[in-house]
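start-v8.cif follows (mmCIF, C-alpha atoms and all ligand atoms):
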data_model
loop_
_atom_site.label_atom_id
_atom_site.label_comp_id
_atom_site.auth_asym_id
_atom_site.auth_seq_id
_atom_site.Cartn_x
_atom_site.Cartn_y
_atom_site.Cartn_z
CA MET A 973 0.00 0.00 0.00
CA PRO A 974 1.36 3.48 -0.85
CA ALA A 975 2.82 5.12 2.22
CA ASN A 976 1.50 8.67 1.93
CA LEU A 977 -2.26 8.19 2.00
CA THR A 978 -4.17 11.09 3.51
CA PRO A 979 -6.40 10.90 6.61
CA GLU A 980 -9.34 11.63 4.29
CA TYR A 981 -8.51 8.57 2.22
CA LEU A 982 -8.08 6.39 5.29
CA ALA A 983 -11.42 7.60 6.67
CA ALA A 984 -13.12 6.72 3.38
CA GLU A 985 -11.47 3.32 3.41
CA GLN A 986 -12.74 2.73 6.90
CA SER A 987 -16.30 3.58 5.86
CA PHE A 988 -15.89 1.15 2.98
CA ARG A 989 -14.98 -1.62 5.40
CA LYS A 990 -17.88 -0.72 7.66
CA ALA A 991 -20.37 -0.36 4.79
CA LYS A 992 -23.18 -2.87 4.80
CA SER A 993 -25.37 -2.04 1.83
CA PRO A 994 -24.12 -1.92 -1.79
CA GLN A 995 -25.10 1.78 -1.81
CA GLU A 996 -22.83 2.56 1.09
CA LYS A 997 -20.01 0.50 -0.41
CA LEU A 998 -20.30 2.34 -3.71
CA LEU A 999 -20.32 5.72 -2.08
CA ALA A 1000 -17.32 4.93 0.08
CA LEU A 1001 -15.42 3.59 -2.90
CA GLU A 1002 -16.18 6.65 -4.99
CA ARG A 1003 -15.03 8.72 -2.08
CA MET A 1004 -11.76 6.77 -1.77
CA LEU A 1005 -11.08 7.38 -5.44
CA SER A 1006 -11.91 11.05 -5.23
CA VAL A 1007 -9.58 11.75 -2.31
CA LEU A 1008 -6.76 9.44 -3.39
CA PRO A 1009 -3.65 11.58 -3.92
CA LYS A 1010 -2.57 11.70 -7.57
CA HIS A 1011 0.98 10.53 -8.17
CA LYS A 1012 2.90 7.57 -9.54
CA GLY A 1013 2.87 5.75 -6.21
CA THR A 1014 -0.93 5.50 -6.21
CA ASP A 1015 -1.48 4.46 -9.84
CA LYS A 1016 -1.79 0.78 -9.05
CA LEU A 1017 -4.17 1.34 -6.16
CA ARG A 1018 -6.26 3.66 -8.34
CA GLY A 1019 -6.56 0.92 -10.95
CA GLN A 1020 -7.65 -1.62 -8.35
CA LEU A 1021 -10.24 0.75 -6.90
CA ARG A 1022 -11.63 1.54 -10.35
CA SER A 1023 -12.13 -2.09 -11.23
CA LYS A 1024 -13.72 -2.79 -7.84
CA LEU A 1025 -16.04 0.15 -8.44
CA SER A 1026 -17.14 -0.98 -11.87
CA LYS A 1027 -17.78 -4.50 -10.57
CA LEU A 1028 -19.92 -3.14 -7.76
CA LYS A 1029 -21.82 -0.92 -10.17
CA GLU A 1030 -22.49 -3.85 -12.46
CA GLU A 1031 -23.79 -5.89 -9.56
CA SER A 1032 -26.06 -3.15 -8.34
CA GLN A 1033 -27.38 -2.58 -11.86
CA LYS A 1034 -28.19 -6.28 -12.12
CA LYS A 1035 -29.99 -6.15 -8.82
CA LYS A 1036 -31.87 -3.09 -9.98
CA SER A 1037 -33.13 -4.93 -13.02
CA VAL A 1038 -34.66 -7.59 -10.79
CA GLY A 1039 -36.40 -4.90 -8.81
CA ARG A 1040 -34.04 -4.43 -5.85
CA GLY A 1041 -32.93 -1.06 -4.48
CA SER A 1042 -30.83 1.11 -6.76
CA TYR A 1043 -27.62 2.77 -5.73
CA LEU A 1044 -28.83 5.84 -7.58
CA PHE A 1045 -30.85 6.87 -4.55
CA ASN A 1046 -34.31 7.64 -5.74
CA VAL A 1047 -35.85 9.59 -2.91
CA LYS A 1048 -39.61 9.39 -3.07
CA LYS A 1049 -41.14 12.84 -2.99
CA GLU A 1050 -43.48 13.72 -0.17
CA GLY A 1051 -45.15 16.95 0.91
CA ALA A 1052 -45.40 20.19 -1.04
CA GLY A 1053 -41.93 20.01 -2.62
CA GLN A 1054 -38.48 18.50 -2.35
CA ILE A 1055 -35.31 20.52 -1.68
CA VAL A 1056 -31.92 18.79 -1.82
CA LEU A 1057 -29.13 20.18 0.38
CA VAL A 1058 -25.85 20.32 -1.55
CA GLY A 1059 -22.41 21.30 -0.33
CA LEU A 1060 -18.82 20.44 0.47
CA PRO A 1061 -17.82 18.53 3.60
CA ASN A 1062 -18.58 20.21 6.92
CA ALA A 1063 -20.69 23.02 5.43
CA GLY A 1064 -23.49 22.23 7.87
CA LYS A 1065 -25.96 20.35 5.67
CA SER A 1066 -26.82 17.74 8.28
CA THR A 1067 -27.01 20.36 11.03
CA LEU A 1068 -29.64 22.22 8.99
CA LEU A 1069 -31.60 19.04 8.36
CA SER A 1070 -31.60 18.15 12.04
CA LEU A 1071 -32.73 21.62 13.13
CA LEU A 1072 -35.41 22.12 10.47
CA THR A 1073 -36.96 18.66 10.35
CA ASN A 1074 -37.83 15.59 12.38
CA ALA A 1075 -34.74 13.74 11.07
CA SER A 1076 -31.66 13.06 13.22
CA PRO A 1077 -28.68 12.69 10.89
CA GLU A 1078 -25.13 12.20 12.12
CA ILE A 1079 -23.31 15.54 12.62
CA ALA A 1080 -19.56 15.80 13.14
CA ASP A 1081 -16.62 18.11 12.53
CA TYR A 1082 -14.85 15.64 10.24
CA ALA A 1083 -15.36 15.43 6.46
CA PHE A 1084 -17.83 13.08 4.76
CA THR A 1085 -19.86 12.32 7.84
CA THR A 1086 -22.97 11.79 5.72
CA ARG A 1087 -22.71 8.74 3.46
CA THR A 1088 -26.23 8.30 2.12
CA PRO A 1089 -29.09 10.76 1.58
CA VAL A 1090 -31.21 11.39 4.67
CA VAL A 1091 -34.76 12.64 4.36
CA GLY A 1092 -36.71 14.88 6.75
CA MET A 1093 -40.01 16.77 6.67
CA MET A 1094 -40.00 20.47 7.53
CA ASP A 1095 -43.16 22.16 8.82
CA PHE A 1096 -43.84 25.50 7.17
CA GLU A 1097 -47.11 27.08 8.35
CA ASN A 1098 -49.77 24.68 7.07
CA ILE A 1099 -47.66 22.56 4.73
CA GLN A 1100 -44.67 20.24 4.87
CA ILE A 1101 -41.59 20.54 2.70
CA GLN A 1102 -39.25 17.60 2.18
CA LEU A 1103 -35.54 18.27 2.77
CA VAL A 1104 -32.91 15.79 1.59
CA ASP A 1105 -29.46 15.89 3.18
CA SER A 1106 -26.81 14.47 0.87
CA PRO A 1107 -23.21 13.26 1.05
CA ALA A 1108 -20.69 16.04 0.42
CA VAL A 1109 -19.82 16.73 -3.22
CA THR A 1110 -16.34 16.51 -4.71
CA LEU A 1111 -15.18 17.09 -8.24
CA GLU A 1112 -13.25 13.94 -8.89
CA LEU A 1113 -15.96 11.59 -10.04
CA GLY A 1114 -19.22 11.85 -11.91
CA GLU A 1115 -21.08 10.23 -9.03
CA ALA A 1116 -24.25 9.17 -10.72
CA TRP A 1117 -26.14 9.31 -7.43
CA PHE A 1118 -25.60 13.07 -7.27
CA THR A 1119 -26.84 13.70 -10.79
CA ASN A 1120 -29.88 11.62 -10.11
CA LEU A 1121 -30.71 13.17 -6.77
CA ALA A 1122 -30.14 16.77 -7.87
CA ARG A 1123 -31.98 16.50 -11.17
CA ASN A 1124 -34.98 14.97 -9.50
CA ALA A 1125 -35.23 17.71 -6.85
CA ASP A 1126 -37.75 20.55 -7.07
CA ALA A 1127 -35.08 22.98 -5.86
CA LEU A 1128 -31.55 22.99 -4.49
CA ALA A 1129 -30.05 24.61 -1.41
CA LEU A 1130 -26.34 25.24 -1.98
CA ILE A 1131 -24.71 25.38 1.43
CA VAL A 1132 -21.26 26.89 1.92
CA ASP A 1133 -19.22 27.64 5.02
CA ILE A 1134 -18.63 31.38 4.54
CA GLY A 1135 -15.63 31.31 6.83
CA ARG A 1136 -13.69 29.01 4.49
CA ASP A 1137 -13.25 30.36 0.95
CA PRO A 1138 -16.96 30.43 0.00
CA LEU A 1139 -16.20 31.24 -3.66
CA GLY A 1140 -13.96 28.19 -3.93
CA GLN A 1141 -16.77 26.05 -2.52
CA MET A 1142 -19.30 27.60 -4.92
CA ARG A 1143 -17.02 26.89 -7.88
CA VAL A 1144 -16.92 23.22 -6.96
CA ILE A 1145 -20.70 23.13 -6.54
CA MET A 1146 -21.36 24.94 -9.83
CA GLU A 1147 -19.01 22.66 -11.71
CA LYS A 1148 -20.64 19.67 -10.10
CA LEU A 1149 -24.07 20.93 -11.17
CA GLU A 1150 -22.85 21.53 -14.69
CA LYS A 1151 -21.57 17.96 -14.84
CA ALA A 1152 -25.04 16.88 -13.77
CA TRP A 1153 -26.49 19.07 -16.58
CA ILE A 1154 -28.16 21.40 -14.15
CA VAL A 1155 -28.20 25.20 -14.33
CA PRO A 1156 -29.77 27.71 -12.03
CA ILE A 1157 -32.88 29.36 -13.47
CA GLY A 1158 -32.20 32.46 -15.51
CA VAL A 1159 -29.16 31.24 -17.44
CA VAL A 1160 -29.81 30.40 -21.11
CA LEU A 1161 -28.19 27.12 -22.10
CA PRO A 1162 -28.85 24.19 -24.44
CA SER A 1163 -32.11 22.41 -23.76
CA SER A 1164 -30.49 19.26 -22.42
CA PHE A 1165 -29.74 21.27 -19.30
CA ASN A 1166 -32.18 20.95 -16.48
CA GLU A 1167 -33.21 24.33 -15.10
CA LYS A 1168 -33.45 24.39 -11.36
CA ASN A 1169 -34.29 26.93 -8.70
CA ALA A 1170 -31.52 27.26 -6.17
CA ILE A 1171 -30.72 29.27 -3.06
CA ILE A 1172 -27.25 29.86 -1.64
CA ILE A 1173 -26.90 29.51 2.11
CA GLY A 1174 -23.75 31.05 3.59
CA ASN A 1175 -23.52 29.16 6.87
CA LYS A 1176 -21.51 29.74 10.07
CA ALA A 1177 -22.08 33.51 9.86
CA GLU A 1178 -21.41 33.92 13.59
CA VAL A 1179 -17.77 32.87 13.24
CA PRO A 1180 -15.46 35.91 13.57
CA GLY A 1181 -14.43 37.18 10.14
CA ALA A 1182 -17.22 35.31 8.34
CA ASP A 1183 -18.92 38.55 7.25
CA LYS A 1184 -16.13 39.06 4.72
CA GLY A 1185 -17.02 35.71 3.15
CA GLY A 1186 -20.67 36.78 3.05
CA THR A 1187 -19.75 39.96 1.20
CA VAL A 1188 -17.72 38.25 -1.54
CA LEU A 1189 -20.43 35.65 -1.97
CA LYS A 1190 -23.00 38.41 -2.55
CA ALA A 1191 -20.72 40.32 -4.90
CA GLN A 1192 -20.30 37.23 -7.05
CA TYR A 1193 -23.76 35.66 -7.06
CA GLU A 1194 -26.33 38.34 -6.20
CA GLY A 1195 -28.98 38.59 -8.89
CA ARG A 1196 -28.44 35.01 -10.01
CA PHE A 1197 -29.49 33.35 -6.77
CA PRO A 1198 -31.24 34.33 -3.62
CA ILE A 1199 -28.48 34.40 -0.98
CA VAL A 1200 -28.85 34.17 2.78
CA SER A 1201 -26.10 34.34 5.34
CA LEU A 1202 -27.00 32.64 8.58
CA SER A 1203 -25.83 30.65 11.54
CA THR A 1204 -27.49 27.42 12.52
CA LEU A 1205 -26.96 28.60 16.10
CA VAL A 1206 -29.50 31.42 15.60
CA PRO A 1207 -33.14 30.22 15.74
CA LYS A 1208 -34.47 33.39 14.07
CA ASP A 1209 -32.22 32.75 11.03
CA LEU A 1210 -33.70 29.29 10.69
CA GLU A 1211 -37.26 30.63 10.84
CA LEU A 1212 -36.48 33.03 7.98
CA LEU A 1213 -34.84 30.25 6.00
CA LYS A 1214 -38.06 28.23 6.10
CA ARG A 1215 -39.85 31.01 4.24
CA ARG A 1216 -37.04 31.23 1.67
CA PHE A 1217 -37.33 27.49 1.10
CA PHE A 1218 -41.04 27.90 0.50
CA GLU A 1219 -40.35 30.77 -1.94
CA ILE A 1220 -37.84 28.89 -4.10
CA LEU A 1221 -40.28 26.05 -4.59
CA ASN A 1222 -42.48 28.45 -6.59
CA ILE A 1223 -45.69 27.07 -5.23
CA ILE A 1224 -48.95 28.53 -4.00
CA ARG A 1225 -51.45 27.32 -1.45
CA VAL A 1226 -55.12 27.69 -2.25
CA TYR A 1227 -58.17 26.60 -0.32
CA SER A 1228 -61.41 25.21 -1.59
CA LYS A 1229 -64.68 26.44 -0.18
CA ILE A 1230 -68.21 25.12 -0.39
CA PRO A 1231 -70.93 27.81 -0.91
CA GLY A 1232 -72.24 29.06 2.43
CA LYS A 1233 -69.41 27.42 4.40
CA GLU A 1234 -66.02 28.51 5.70
CA ALA A 1235 -62.88 27.39 3.84
CA ASP A 1236 -60.66 24.79 5.51
CA THR A 1237 -57.43 26.75 5.71
CA GLY A 1238 -55.64 23.90 7.44
CA ALA A 1239 -55.60 21.81 4.29
CA PRO A 1240 -54.37 23.72 1.25
CA PHE A 1241 -54.18 22.51 -2.31
CA VAL A 1242 -50.60 23.05 -3.44
CA LEU A 1243 -50.04 24.14 -7.06
CA PRO A 1244 -47.18 25.59 -9.12
CA LYS A 1245 -47.13 29.38 -9.23
CA GLY A 1246 -49.09 30.60 -12.25
CA SER A 1247 -51.77 27.91 -11.98
CA SER A 1248 -55.35 28.75 -12.99
CA VAL A 1249 -58.70 28.11 -11.34
CA GLU A 1250 -59.23 25.31 -13.85
CA GLU A 1251 -56.02 23.57 -12.80
CA MET A 1252 -57.03 23.82 -9.18
CA ALA A 1253 -60.42 22.30 -10.03
CA GLY A 1254 -58.56 19.36 -11.58
CA LEU A 1255 -56.72 18.79 -8.31
CA VAL A 1256 -59.92 18.84 -6.29
CA HIS A 1257 -61.62 16.31 -8.55
CA LYS A 1258 -60.96 15.03 -12.07
CA ASP A 1259 -64.52 15.77 -13.16
CA PHE A 1260 -64.49 19.29 -11.77
CA MET A 1261 -62.05 20.50 -14.41
CA ARG A 1262 -64.47 19.49 -17.17
CA LYS A 1263 -67.63 20.66 -15.48
CA LEU A 1264 -66.32 23.97 -14.15
CA LYS A 1265 -68.30 27.05 -15.22
CA PHE A 1266 -66.84 29.80 -13.05
CA ALA A 1267 -65.45 30.41 -9.57
CA ARG A 1268 -65.68 32.92 -6.77
CA ILE A 1269 -62.47 34.05 -5.14
CA TRP A 1270 -61.46 35.54 -1.81
CA GLY A 1271 -57.94 36.79 -1.36
CA SER A 1272 -55.79 39.88 -1.20
CA GLY A 1273 -56.25 42.29 -4.11
CA LYS A 1274 -59.69 40.90 -4.95
CA PHE A 1275 -63.26 41.85 -4.08
CA SER A 1276 -64.62 39.33 -1.62
CA GLY A 1277 -66.31 36.61 -3.61
CA GLN A 1278 -65.26 38.12 -6.95
CA ARG A 1279 -66.56 36.05 -9.88
CA VAL A 1280 -63.76 34.83 -12.18
CA LYS A 1281 -63.39 32.65 -15.29
CA LYS A 1282 -61.62 29.28 -15.57
CA GLY A 1283 -58.37 30.77 -16.78
CA PHE A 1284 -57.99 33.14 -13.81
CA ILE A 1285 -54.48 32.91 -12.32
CA LEU A 1286 -54.44 32.13 -8.61
CA SER A 1287 -52.22 33.58 -5.86
CA ASP A 1288 -50.92 32.09 -2.63
CA GLY A 1289 -53.65 32.19 0.00
CA ASP A 1290 -56.65 32.43 -2.32
CA VAL A 1291 -59.91 30.83 -1.26
CA VAL A 1292 -61.79 29.38 -4.20
CA GLU A 1293 -65.45 28.41 -4.53
CA LEU A 1294 -65.88 26.25 -7.61
CA HIS A 1295 -69.19 26.43 -9.51
CA MET A 1296 -70.17 23.66 -11.93
N1 LIG B 1 -19.61 27.62 14.08
C1 LIG B 1 -20.59 26.96 13.46
N2 LIG B 1 -20.49 25.63 13.27
C2 LIG B 1 -21.50 24.99 12.63
C3 LIG B 1 -22.65 25.68 12.15
N3 LIG B 1 -23.45 24.78 11.55
C4 LIG B 1 -22.82 23.59 11.66
N4 LIG B 1 -21.66 23.70 12.31
C5 LIG B 1 -20.66 22.64 12.63
O1 LIG B 1 -19.99 22.22 11.45
C6 LIG B 1 -19.63 20.85 11.55
C7 LIG B 1 -20.12 20.08 10.34
O2 LIG B 1 -21.53 20.02 10.37
P1 LIG B 1 -22.36 18.92 9.56
O3 LIG B 1 -23.79 19.32 9.67
O4 LIG B 1 -21.98 17.55 9.95
O5 LIG B 1 -21.82 19.23 8.07
P2 LIG B 1 -22.16 18.46 6.71
O6 LIG B 1 -22.23 19.49 5.65
O7 LIG B 1 -23.35 17.60 6.90
O8 LIG B 1 -20.83 17.58 6.53
P3 LIG B 1 -20.61 16.21 5.69
O9 LIG B 1 -21.68 15.24 6.09
O10 LIG B 1 -19.26 15.77 6.08
O11 LIG B 1 -20.70 16.57 4.26
C8 LIG B 1 -20.21 20.34 12.85
O12 LIG B 1 -19.20 20.34 13.82
C9 LIG B 1 -21.30 21.37 13.17
O13 LIG B 1 -21.56 21.46 14.55
C10 LIG B 1 -22.73 27.11 12.39
O14 LIG B 1 -23.68 27.80 12.02
N5 LIG B 1 -21.67 27.68 13.03
MG MG B 2 -23.55 15.62 6.72
#

Target format structure tokens, applied to this file:
Amino acid sequence: MPANLTPEYLAAEQSFRKAKSPQEKLLALERMLSVLPKHKGTDKLRGQLRSKLSKLKEESQKKKSVGRGSYLFNVKKEGAGQIVLVGLPNAGKSTLLSLLTNASPEIADYAFTTRTPVVGMMDFENIQIQLVDSPAVTLELGEAWFTNLARNADALALIVDIGRDPLGQMRVIMEKLEKAWIVPIGVVLPSSFNEKNAIIIGNKAEVPGADKGGTVLKAQYEGRFPIVSLSTLVPKDLELLKRRFFEILNIIRVYSKIPGKEADTGAPFVLPKGSSVEEMAGLVHKDFMRKLKFARIWGSGKFSGQRVKKGFILSDGDVVELHM
């Protein structure tokens, strides 16, 4: 074995030995490859790791074709939308998940603590948003699991530690997204790219000197992404973040009302921003879309009970009375 292996490599190797599922093995192996120092002394080891990796991938593909779990990590969506937390090691992804949701992921001050995606549900007012914590990204390998997870998400939260070269971290993340054929909304690129809403979270803002990191982050990315600087130690910051998460999902909550009765504002219908009365009717009941004649709407900027046509565009908080 080459003598000068890094602690990061040795840690990855240890997780490989401890790994039980094929998913965990694959991840650990990819990690070993990505942190293996590049020089002549490691060439042989690199070759061995590569062939082990491709064998494992083949096996897991075979299993997939007979209906077993896939190492590509398909996280089933639940709630009003799914946001995947993306970032380099130690940025604070798992800390955020644990503070915002019911999940209890492992949190530690060493790199690559998280080895498989962890899912949690976040309460926001009267809906739930699904957050997915993910293993830290690195540039070395394509890591199919990342592409799959990120492309499938409704939005991404890019988490950087603003005390440690935030621009460097963002460059890695952006390159990683590009490799996964993902671009943040607002950039015009070939159609094979998957447009995705994203928010940048500059974490660890309470650390002395971190404000400088926050400033350079803003200077570089303001206008392209919403950016928030926060500390997971500050509860008020986390409350504000919940709203930002809701905003980047681009969804609205509307309530259905039966004539002469109060609306049930505890149970909203969740629709993409820009949806019409007709689309809401389709969510309430398949037949309603066809039979709909008009609707009455209550909400800000409208007369109470204003009569509107099928194509009327709804806003967050509207109460809708459907008339067949
Ligand atoms: N000072 C400070 N430390 C934080 C903050 N948020 C998280 N941490 C610490 O940063 C370290 C890493 O946190 P994790 O949540 O495990 O980071 P991660 O991004 O999930 O890391 P990996 O799983 O390795 O990718 C832990 O020691 C946390 O306690 C913060 O706002 N301020
Ligand atoms: Mg983690």

Kindly compile the residues surrounding ligand MG 2 (chain B) within 8 Å, counting only C-alpha atoms and all ligand atoms, and format them as a compact mmCIF listing (two decimals) with C-alpha atoms, in the frame of the given file.
# COMPACT_ATOMS: atom_id res chain seq x y z
CA PRO A 1061 -17.82 18.53 3.60
CA ASN A 1062 -18.58 20.21 6.92
CA GLY A 1064 -23.49 22.23 7.87
CA LYS A 1065 -25.96 20.35 5.67
CA SER A 1066 -26.82 17.74 8.28
CA THR A 1067 -27.01 20.36 11.03
CA PRO A 1077 -28.68 12.69 10.89
CA GLU A 1078 -25.13 12.20 12.12
CA ILE A 1079 -23.31 15.54 12.62
CA ALA A 1080 -19.56 15.80 13.14
CA PHE A 1084 -17.83 13.08 4.76
CA THR A 1085 -19.86 12.32 7.84
CA THR A 1086 -22.97 11.79 5.72
CA ARG A 1087 -22.71 8.74 3.46
CA ASP A 1105 -29.46 15.89 3.18
CA SER A 1106 -26.81 14.47 0.87
CA PRO A 1107 -23.21 13.26 1.05
CA ALA A 1108 -20.69 16.04 0.42

Subject >> Counting all atoms listed in the file, the option among A:Ile1223, A:Leu1025, A:Leu1121, A:Ala991 closest to A:Phe1241 >> reply: A:Ile1223

Original post:
Given the choices A:Gly1289, A:Gly1059, A:Gly1186, A:Pro1180, which gets closest to ligand LIG 1 (chain B) if the distance is worked out from only C-alpha atoms and all ligand atoms?
Top reply: A:Gly1059

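Note that atom CA of A:Glu1112 and atom CA of A:Leu1005 are 7.7 Å apart.
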
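Reported to one decimal place, the separation of atom CA of A:Ala1125 from atom CA of A:Ser1228 is 27.7 Å.
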
Original post:
Near A:Glu1194, counting only C-alpha atoms, which residues have an atom at most 12 Å away, once you skip same-chain residues fewer than 6 positions from it, shown as a PyMOL selection string?
Top reply: chain A and resi 1171-1172+1186-1188+1200

Original post:
Quick one, how far is atom CA of A:Leu1264 from atom CA of A:Gly1277?
Top reply: 16.5 Å

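Between A:Leu977 and the candidates A:Ile1154, A:Met1004, A:Ile1134, A:Val1206, the tightest atom-to-atom separation, counting all atoms listed in the file, involves A:Met1004.
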
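The shortest atom-to-atom distance to ligand LIG 1 (chain B), with all atoms listed in the file taken into account, belongs to A:Ser1076 out of A:Gln1100, A:Thr1014, A:Asn1169, A:Ser1076.
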
**OP:** Choose the residue, out of A:Gly1140, A:Pro1009, A:Gly1238, A:Gly1019, that has the smallest atom-to-atom separation from A:Leu982; count all atoms listed in the file.
**Re:** A:Pro1009

Please report, as AutoDock Vina command-line options, the centre and edge lengths in Å to one decimal of an axis-aligned box covering all listed atoms of ligand LIG 1 (chain B) with 4 Å per side.
--center_x -21.5 --center_y 21.5 --center_z 9.4 --size_x 12.6 --size_y 20.6 --size_z 18.3

From the block I gave, I'd like stretch 1139-1151 of chain A written with C-alpha atoms, as a tab-separated table (two decimals), in the first residue's frame.
chain	number	residue	atom	x	y	z
A	1139	LEU	CA	-16.20	31.24	-3.66
A	1140	GLY	CA	-13.96	28.19	-3.93
A	1141	GLN	CA	-16.77	26.05	-2.52
A	1142	MET	CA	-19.30	27.60	-4.92
A	1143	ARG	CA	-17.02	26.89	-7.88
A	1144	VAL	CA	-16.92	23.22	-6.96
A	1145	ILE	CA	-20.70	23.13	-6.54
A	1146	MET	CA	-21.36	24.94	-9.83
A	1147	GLU	CA	-19.01	22.66	-11.71
A	1148	LYS	CA	-20.64	19.67	-10.10
A	1149	LEU	CA	-24.07	20.93	-11.17
A	1150	GLU	CA	-22.85	21.53	-14.69
A	1151	LYS	CA	-21.57	17.96	-14.84
